[in-house]
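Structure below is model38.txt: compact mmCIF, C-alpha atoms.
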# COMPACT_ATOMS: atom_id res chain seq x y z
CA MET A 1 15.41 20.93 31.46
CA LYS A 2 12.94 18.56 29.81
CA MET A 3 13.61 18.02 26.10
CA GLU A 4 10.64 18.35 23.76
CA ALA A 5 9.80 15.09 21.99
CA SER A 6 10.47 15.04 18.26
CA PRO A 7 7.34 15.13 16.08
CA TYR A 8 9.12 12.52 13.96
CA HIS A 9 9.82 9.98 16.70
CA PHE A 10 8.85 7.19 14.26
CA LEU A 11 11.87 7.97 12.02
CA VAL A 12 15.01 6.00 12.80
CA ALA A 13 18.41 7.59 12.14
CA PRO A 14 20.85 5.65 9.93
CA THR A 15 23.37 3.70 12.01
CA THR A 16 26.37 4.00 9.70
CA PRO A 17 25.56 6.73 7.18
CA THR A 18 27.85 7.19 4.18
CA ARG A 19 27.78 9.97 1.63
CA GLY A 20 26.52 7.74 -1.14
CA ASN A 21 23.56 6.15 0.60
CA VAL A 22 22.20 8.82 2.95
CA THR A 23 19.73 10.17 0.36
CA VAL A 24 18.53 6.66 -0.44
CA TYR A 25 18.06 5.94 3.26
CA VAL A 26 16.16 9.19 3.93
CA THR A 27 13.96 8.56 0.88
CA ASP A 28 13.14 5.05 2.08
CA VAL A 29 12.28 6.01 5.66
CA LEU A 30 10.12 8.95 4.57
CA ARG A 31 8.34 6.82 1.96
CA GLN A 32 7.65 4.18 4.61
CA ALA A 33 6.31 6.83 6.99
CA ILE A 34 3.96 8.15 4.30
CA VAL A 35 2.74 4.72 3.20
CA THR A 36 2.13 3.59 6.80
CA LEU A 37 0.33 6.90 7.53
CA ASP A 38 2.76 8.00 10.24
CA LEU A 39 2.88 11.04 7.97
CA GLN A 40 -0.76 11.79 7.20
CA PRO A 41 -2.17 13.00 3.87
CA GLY A 42 -1.99 16.80 3.80
CA GLU A 43 0.50 17.03 6.68
CA VAL A 44 3.13 19.78 6.49
CA ILE A 45 6.68 18.40 6.40
CA ASP A 46 9.24 20.12 8.66
CA LYS A 47 12.61 19.61 6.97
CA ASN A 48 14.59 21.01 9.87
CA ALA A 49 12.93 18.65 12.33
CA ILE A 50 13.63 15.70 10.02
CA CYS A 51 17.28 16.71 9.71
CA GLU A 52 17.57 16.89 13.48
CA ARG A 53 15.83 13.58 14.04
CA LEU A 54 17.87 11.70 11.43
CA GLY A 55 21.13 13.53 12.10
CA VAL A 56 21.62 14.51 8.46
CA SER A 57 22.09 17.74 6.52
CA ARG A 58 19.35 19.48 4.53
CA PHE A 59 20.62 18.25 1.14
CA PRO A 60 19.63 14.55 1.45
CA VAL A 61 16.26 15.52 2.93
CA SER A 62 15.58 17.97 0.08
CA GLU A 63 16.67 15.37 -2.48
CA ALA A 64 14.52 12.70 -0.84
CA LEU A 65 11.46 14.96 -0.94
CA ALA A 66 12.09 15.66 -4.64
CA ARG A 67 12.19 11.92 -5.33
CA LEU A 68 8.99 11.38 -3.37
CA GLN A 69 7.35 14.21 -5.30
CA ALA A 70 8.12 12.29 -8.50
CA GLU A 71 6.40 9.26 -6.96
CA GLY A 72 3.29 11.31 -6.20
CA LEU A 73 3.74 11.09 -2.43
CA VAL A 74 4.86 14.67 -1.67
CA ASP A 75 3.80 18.11 -2.90
CA ILE A 76 6.51 20.79 -3.00
CA LEU A 77 5.20 24.33 -3.25
CA PRO A 78 7.65 27.18 -4.01
CA GLN A 79 8.10 29.47 -1.01
CA ARG A 80 5.51 27.46 0.94
CA GLY A 81 7.32 24.24 1.79
CA SER A 82 6.37 20.60 1.40
CA THR A 83 3.32 18.58 2.37
CA VAL A 84 2.34 14.93 2.16
CA SER A 85 0.24 14.55 -0.98
CA LEU A 86 -3.43 13.89 -0.58
CA VAL A 87 -4.54 10.55 -2.00
CA ARG A 88 -6.24 10.80 -5.40
CA ILE A 89 -9.16 8.41 -5.65
CA ALA A 90 -8.92 8.63 -9.46
CA ASP A 91 -5.38 7.23 -9.26
CA VAL A 92 -6.49 4.50 -6.87
CA LEU A 93 -9.20 3.47 -9.35
CA GLU A 94 -6.60 3.07 -12.10
CA TYR A 95 -4.13 1.22 -9.89
CA MET A 96 -6.81 -1.18 -8.71
CA LEU A 97 -8.00 -1.81 -12.25
CA ILE A 98 -4.42 -2.68 -13.26
CA ARG A 99 -4.08 -5.01 -10.29
CA LYS A 100 -7.44 -6.61 -10.95
CA ALA A 101 -6.53 -7.48 -14.52
CA LEU A 102 -3.02 -8.73 -13.73
CA GLU A 103 -3.77 -10.58 -10.51
CA ALA A 104 -6.87 -12.35 -11.79
CA GLU A 105 -4.80 -13.58 -14.74
CA ALA A 106 -1.87 -14.51 -12.48
CA VAL A 107 -4.14 -16.66 -10.33
CA ARG A 108 -5.55 -18.35 -13.42
CA VAL A 109 -2.04 -19.18 -14.63
CA VAL A 110 -0.69 -20.59 -11.36
CA THR A 111 -3.86 -22.59 -10.71
CA GLY A 112 -3.26 -24.51 -13.93
CA ASN A 113 -0.36 -26.34 -12.33
CA PRO A 114 0.09 -25.40 -8.65
CA SER A 115 3.28 -26.79 -7.12
CA PRO A 116 3.27 -28.38 -3.64
CA GLU A 117 5.65 -25.59 -2.57
CA LEU A 118 3.13 -22.94 -3.65
CA ILE A 119 0.33 -24.60 -1.71
CA ASP A 120 2.49 -24.96 1.41
CA THR A 121 3.61 -21.33 1.21
CA LEU A 122 0.07 -20.03 0.74
CA GLN A 123 -1.21 -22.11 3.65
CA ARG A 124 1.58 -20.82 5.87
CA SER A 125 0.74 -17.26 4.83
CA MET A 126 -2.90 -17.83 5.75
CA SER A 127 -1.83 -19.02 9.21
CA TYR A 128 0.20 -15.85 9.71
CA GLN A 129 -2.72 -13.73 8.55
CA ARG A 130 -5.06 -15.50 10.96
CA ALA A 131 -2.67 -14.83 13.83
CA ALA A 132 -2.48 -11.14 12.94
CA VAL A 133 -6.28 -10.87 12.80
CA ASP A 134 -6.62 -12.55 16.19
CA ILE A 135 -4.54 -9.85 17.90
CA ASP A 136 -5.74 -6.99 15.66
CA ASP A 137 -2.21 -6.41 14.36
CA GLN A 138 -3.13 -4.15 11.46
CA HIS A 139 0.44 -3.42 10.38
CA GLY A 140 1.42 -7.08 10.57
CA PHE A 141 -1.67 -8.14 8.65
CA HIS A 142 -1.02 -5.58 5.92
CA GLU A 143 2.50 -6.97 5.47
CA ARG A 144 1.13 -10.52 5.28
CA ASP A 145 -1.51 -9.31 2.82
CA ILE A 146 1.20 -7.97 0.50
CA GLU A 147 3.15 -11.21 0.96
CA PHE A 148 0.12 -13.32 -0.03
CA HIS A 149 -0.18 -11.55 -3.38
CA ASP A 150 3.60 -11.61 -3.92
CA ILE A 151 3.65 -15.39 -3.40
CA ILE A 152 1.35 -15.83 -6.38
CA PHE A 153 3.43 -13.58 -8.64
CA GLY A 154 6.63 -15.17 -7.40
CA ASP A 155 5.38 -18.57 -8.52
CA MET A 156 4.90 -17.22 -12.05
CA ARG A 157 8.51 -15.94 -12.21
CA PHE A 158 7.37 -13.04 -14.40
CA SER A 159 9.51 -10.18 -13.05
CA LYS A 160 8.14 -7.55 -15.42
CA VAL A 161 4.55 -8.23 -14.35
CA LYS A 162 5.60 -8.06 -10.71
CA GLY A 163 7.40 -4.79 -11.49
CA VAL A 164 4.20 -3.22 -12.82
CA ILE A 165 2.43 -4.13 -9.58
CA GLU A 166 5.30 -2.73 -7.50
CA ASN A 167 5.10 0.59 -9.34
CA THR A 168 1.46 1.04 -8.28
CA ARG A 169 1.99 -0.05 -4.69
CA ALA A 170 3.04 3.01 -2.65
CA ASN A 171 0.01 5.23 -3.28
CA LEU A 172 -2.34 2.28 -3.28
CA ASP A 173 -1.02 0.89 0.00
CA ARG A 174 -1.60 4.07 1.95
CA ALA A 175 -5.15 4.30 0.59
CA ARG A 176 -5.80 0.71 1.68
CA ARG A 177 -4.37 1.36 5.14
CA LEU A 178 -7.02 4.04 5.63
CA ILE A 179 -9.71 1.35 5.74
CA LEU A 180 -7.91 -1.17 7.96
CA THR A 181 -10.35 -2.12 10.71
CA PRO A 182 -10.91 -5.42 12.58
CA ARG A 183 -13.89 -6.06 10.27
CA ARG A 184 -11.83 -5.40 7.14
CA LEU A 185 -9.11 -7.76 8.34
CA GLU A 186 -11.65 -10.55 8.78
CA VAL A 187 -13.19 -9.87 5.37
CA THR A 188 -9.81 -9.84 3.61
CA LEU A 189 -8.79 -13.05 5.38
CA SER A 190 -11.98 -14.72 4.12
CA GLU A 191 -11.39 -13.43 0.59
CA HIS A 192 -7.82 -14.70 0.61
CA ARG A 193 -9.09 -18.08 1.80
CA ALA A 194 -11.45 -18.24 -1.18
CA ILE A 195 -8.58 -17.48 -3.57
CA MET A 196 -6.36 -20.13 -2.00
CA ASP A 197 -9.17 -22.72 -1.98
CA GLY A 198 -9.60 -22.23 -5.72
CA ILE A 199 -5.86 -22.70 -6.28
CA VAL A 200 -5.71 -25.81 -4.08
CA ALA A 201 -8.69 -27.28 -5.94
CA GLY A 202 -7.00 -26.61 -9.28
CA ASP A 203 -10.09 -24.64 -10.30
CA ALA A 204 -8.73 -21.70 -12.30
CA PRO A 205 -12.08 -19.94 -13.01
CA ARG A 206 -12.99 -20.18 -9.33
CA ALA A 207 -9.65 -18.82 -8.13
CA SER A 208 -9.64 -16.01 -10.70
CA ALA A 209 -13.22 -15.01 -9.82
CA ALA A 210 -12.29 -14.98 -6.13
CA MET A 211 -9.38 -12.62 -6.84
CA ARG A 212 -11.62 -10.29 -8.83
CA ALA A 213 -14.23 -10.34 -6.07
CA HIS A 214 -11.53 -9.54 -3.49
CA ILE A 215 -10.30 -6.48 -5.39
CA ASP A 216 -13.88 -5.34 -6.06
CA SER A 217 -14.62 -5.60 -2.34
CA VAL A 218 -11.61 -3.48 -1.37
CA MET A 219 -12.41 -0.90 -4.04
CA ALA A 220 -16.04 -0.59 -2.98
CA GLU A 221 -14.98 0.06 0.60
CA LEU A 222 -12.38 2.61 -0.49
CA ILE A 223 -14.95 4.54 -2.53
CA THR A 224 -17.33 4.64 0.42
CA PHE A 225 -14.54 5.77 2.75
CA ALA A 226 -13.40 8.49 0.32
CA ALA A 227 -16.93 9.87 0.06
CA ASP A 228 -17.16 10.04 3.86
CA HIS A 229 -13.63 11.48 4.35
CA ALA A 230 -13.24 13.75 1.33
CA GLU A 231 -10.65 15.91 3.12
CA LEU A 232 -8.06 13.11 2.86
CA PHE A 233 -8.36 12.96 -0.93
CA ALA A 234 -7.19 15.48 -3.50
CA ASP A 235 -10.35 14.84 -5.50
CA GLY A 236 -12.65 14.02 -2.59
CA GLN A 237 -15.02 16.88 -3.35
CA SER A 238 -15.36 15.69 -6.96
CA LEU A 239 -16.43 12.32 -5.61
CA ARG A 240 -19.00 13.93 -3.34
CA ASP A 241 -20.36 16.15 -6.11
CA ASP A 242 -20.54 13.38 -8.70
CA PRO A 243 -20.85 9.74 -7.53
CA ALA A 244 -20.12 8.64 -11.11
CA TYR A 245 -16.65 10.15 -10.70
CA ALA A 246 -15.56 6.93 -8.97
CA ALA A 247 -17.12 4.56 -11.47
CA PHE A 248 -15.28 1.23 -11.32
CA PRO A 249 -15.84 -1.88 -13.48
CA PHE A 250 -17.03 -4.26 -10.80
CA GLY A 251 -17.64 -7.88 -11.63
Spell out the structure here as structure tokens.
Amino acid sequence: MKMEASPYHFLVAPTTPTRGNVTVYVTDVLRQAIVTLDLQPGEVIDKNAICERLGVSRFPVSEALARLQAEGLVDILPQRGSTVSLVRIADVLEYMLIRKALEAEAVRVVTGNPSPELIDTLQRSMSYQRAAVDIDDQHGFHERDIEFHDIIFGDMRFSKVKGVIENTRANLDRARRLILTPRRLEVTLSEHRAIMDGIVAGDAPRASAAMRAHIDSVMAELITFAADHAELFADGQSLRDDPAYAAFPFG
């Protein structure tokens, strides 16, 4: 008899599960599936199917979903089950504003005295990004995109600032993945090049302005996408009804 394929084929069971880390593992793999859009916004979550796929009991799955609810990635409705949270464009606006302020300042700081190691690492990152664009590797490019920004924060050695960025990442990353297209990859690559060129030139205002322009560009595209695909956003109808709802301080 032919076995029916699991709807959660993208989830990988833990190889050596132990009582203490099963919940952490399940939380991590479900978070990754949500952020990468393997689990789509609004999708109903089948706990039994997840248990079967991962080979775990219901407790760690229930606990993982509770943790993801606290992160804003899952909605748990009494007597109705769990669903992947819709993206809130209002949250994305706030996250992007936080990133814009912190990352523009981070670029200004590192450009004041860029180390040879920083320049080499950024140039290597750009090469990896170019390779991903050339083969339309959207997942690979997104990972290199995150890496590019992390390189700049890593050079500052300000762990608390980096922590603030990390706390905004999960919901923001899945929103950004919604607009990944070959054109967007090329545009982001060009914007990253402008940021790096400013750093290499030791021109802090230029590098900082390039970072601000990059974040503005992504945000403008996200707003347009949300207006066209309101069903993927918890507040999509508000955006359609009132364009000022997604006001963002560009520039």
From A:Asp145, A:Asp91, A:Glu105, A:Glu186, residue lying nearest Asn171 in chain A [only C-alpha atoms]: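 Residue with the minimum atom-to-atom distance to Asn171 in chain A: A:Asp91.
With all atoms listed in the file as the basis for measurement, A:Val107 is the residue among A:Val161, A:Val107, A:Leu68, A:Val133 that approaches Ala210 in chain A most closely.
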Edge lengths and centre in Å to one decimal, as lines of an AutoDock Vina configuration file, of the axis-aligned box that encloses all listed atoms of range 120-128 of chain A with 5 Å added on every side?
center_x = 0.4
center_y = -20.4
center_z = 5.2
size_x = 16.5
size_y = 19.1
size_z = 19.0
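Proximity ranking of A:Thr111, A:Ser57, A:Ser159, A:Gln79 relative to Ala207 in chain A places A:Thr111 first, based on all atoms listed in the file.
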Counting all atoms listed in the file, note down every residue that has an atom within 10 Å of the point (-4.8, -18.3, -4.1) (file coordinates), as a CSV table (one decimal) with C-alpha atoms, keeping the file's coordinate frame.
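The resulting file, point_17.csv, is reproduced below:
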chain,number,residue,atom,x,y,z
A,104,ALA,CA,-6.9,-12.4,-11.8
A,106,ALA,CA,-1.9,-14.5,-12.5
A,107,VAL,CA,-4.1,-16.7,-10.3
A,108,ARG,CA,-5.6,-18.4,-13.4
A,110,VAL,CA,-0.7,-20.6,-11.4
A,111,THR,CA,-3.9,-22.6,-10.7
A,114,PRO,CA,0.1,-25.4,-8.6
A,118,LEU,CA,3.1,-22.9,-3.6
A,119,ILE,CA,0.3,-24.6,-1.7
A,122,LEU,CA,0.1,-20.0,0.7
A,123,GLN,CA,-1.2,-22.1,3.6
A,148,PHE,CA,0.1,-13.3,0.0
A,149,HIS,CA,-0.2,-11.6,-3.4
A,151,ILE,CA,3.6,-15.4,-3.4
A,152,ILE,CA,1.4,-15.8,-6.4
A,191,GLU,CA,-11.4,-13.4,0.6
A,192,HIS,CA,-7.8,-14.7,0.6
A,193,ARG,CA,-9.1,-18.1,1.8
A,194,ALA,CA,-11.4,-18.2,-1.2
A,195,ILE,CA,-8.6,-17.5,-3.6
A,196,MET,CA,-6.4,-20.1,-2.0
A,197,ASP,CA,-9.2,-22.7,-2.0
A,198,GLY,CA,-9.6,-22.2,-5.7
A,199,ILE,CA,-5.9,-22.7,-6.3
A,200,VAL,CA,-5.7,-25.8,-4.1
A,201,ALA,CA,-8.7,-27.3,-5.9
A,204,ALA,CA,-8.7,-21.7,-12.3
A,206,ARG,CA,-13.0,-20.2,-9.3
A,207,ALA,CA,-9.6,-18.8,-8.1
A,208,SER,CA,-9.6,-16.0,-10.7
A,210,ALA,CA,-12.3,-15.0,-6.1
A,211,MET,CA,-9.4,-12.6,-6.8
Two-atom distance - CA of Ile223 in chain A, CA of Leu185 in chain A (Å):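 For CA of Ile223 in chain A relative to CA of Leu185 in chain A, the distance reads 17.4 Å.
With only C-alpha atoms taken into account, the protein and nucleic acid residues at most 8 Å from Leu73 in chain A (excluding it and anything under 4 positions from it in its own chain) are Arg31, Ile34, Leu68, Gln69, Val84, Ser85, Leu86 and Asn171 of chain A.
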Okay, now the selection with C-alpha atoms, as a tab-separated table (two decimals), in the frame of the given file?
chain	number	residue	atom	x	y	z
A	31	ARG	CA	8.34	6.82	1.96
A	34	ILE	CA	3.96	8.15	4.30
A	68	LEU	CA	8.99	11.38	-3.37
A	69	GLN	CA	7.35	14.21	-5.30
A	84	VAL	CA	2.34	14.93	2.16
A	85	SER	CA	0.24	14.55	-0.98
A	86	LEU	CA	-3.43	13.89	-0.58
A	171	ASN	CA	0.01	5.23	-3.28
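Contact shell of range 45-47 of chain A at 8 Å (only C-alpha atoms; same-chain neighbours under 6 positions omitted): A:Arg58, A:Val61, A:Ser62, A:Gly81, A:Ser82, A:Thr83, A:Val84.
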Atom-to-atom span, CA of Val24 in chain A and CA of Asp38 in chain A, Å: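 Result for CA of Val24 in chain A versus CA of Asp38 in chain A: 19.1 Å, one decimal.
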Point-to-point distance in Å for CA of His9 in chain A and CA of Pro78 in chain A: 27.0 Å
So which residues touch Arg183 in chain A within 12 Å, counting all atoms listed in the file, skipping near sequence neighbours fewer than 2 positions away, as a short mmCIF file (atom, residue, chain, number, x, y, z; two decimals) with C-alpha atoms, in the frame of the given file?
data_model
loop_
_atom_site.label_atom_id
_atom_site.label_comp_id
_atom_site.auth_asym_id
_atom_site.auth_seq_id
_atom_site.Cartn_x
_atom_site.Cartn_y
_atom_site.Cartn_z
CA VAL A 133 -6.28 -10.87 12.80
CA ASP A 134 -6.62 -12.55 16.19
CA ASP A 136 -5.74 -6.99 15.66
CA GLN A 138 -3.13 -4.15 11.46
CA ILE A 179 -9.71 1.35 5.74
CA LEU A 180 -7.91 -1.17 7.96
CA THR A 181 -10.35 -2.12 10.71
CA LEU A 185 -9.11 -7.76 8.34
CA GLU A 186 -11.65 -10.55 8.78
CA VAL A 187 -13.19 -9.87 5.37
CA THR A 188 -9.81 -9.84 3.61
CA LEU A 189 -8.79 -13.05 5.38
CA SER A 190 -11.98 -14.72 4.12
CA GLU A 221 -14.98 0.06 0.60
#
Exercise: range 63-66 of chain A partners within 7 Å, only C-alpha atoms, chain neighbours under 6 positions left out, as a ChimeraX atom specification: /A:23,26-27,74
Selected residue of minimal separation from Glu43 in chain A among A:Leu232, A:Leu222, A:Ala246, A:Ile89, counting all atoms listed in the file: A:Leu232
Residue with smallest distance to Asp235 in chain A - pool A:Glu117, A:Ala90, A:Thr16, A:Asp216, counting only C-alpha atoms: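 For Asp235 in chain A, the nearest of the given residues is A:Ala90.
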From A:Phe225, A:His139, A:Arg176, A:Leu97, residue lying nearest Pro249 in chain A [only C-alpha atoms]: A:Leu97
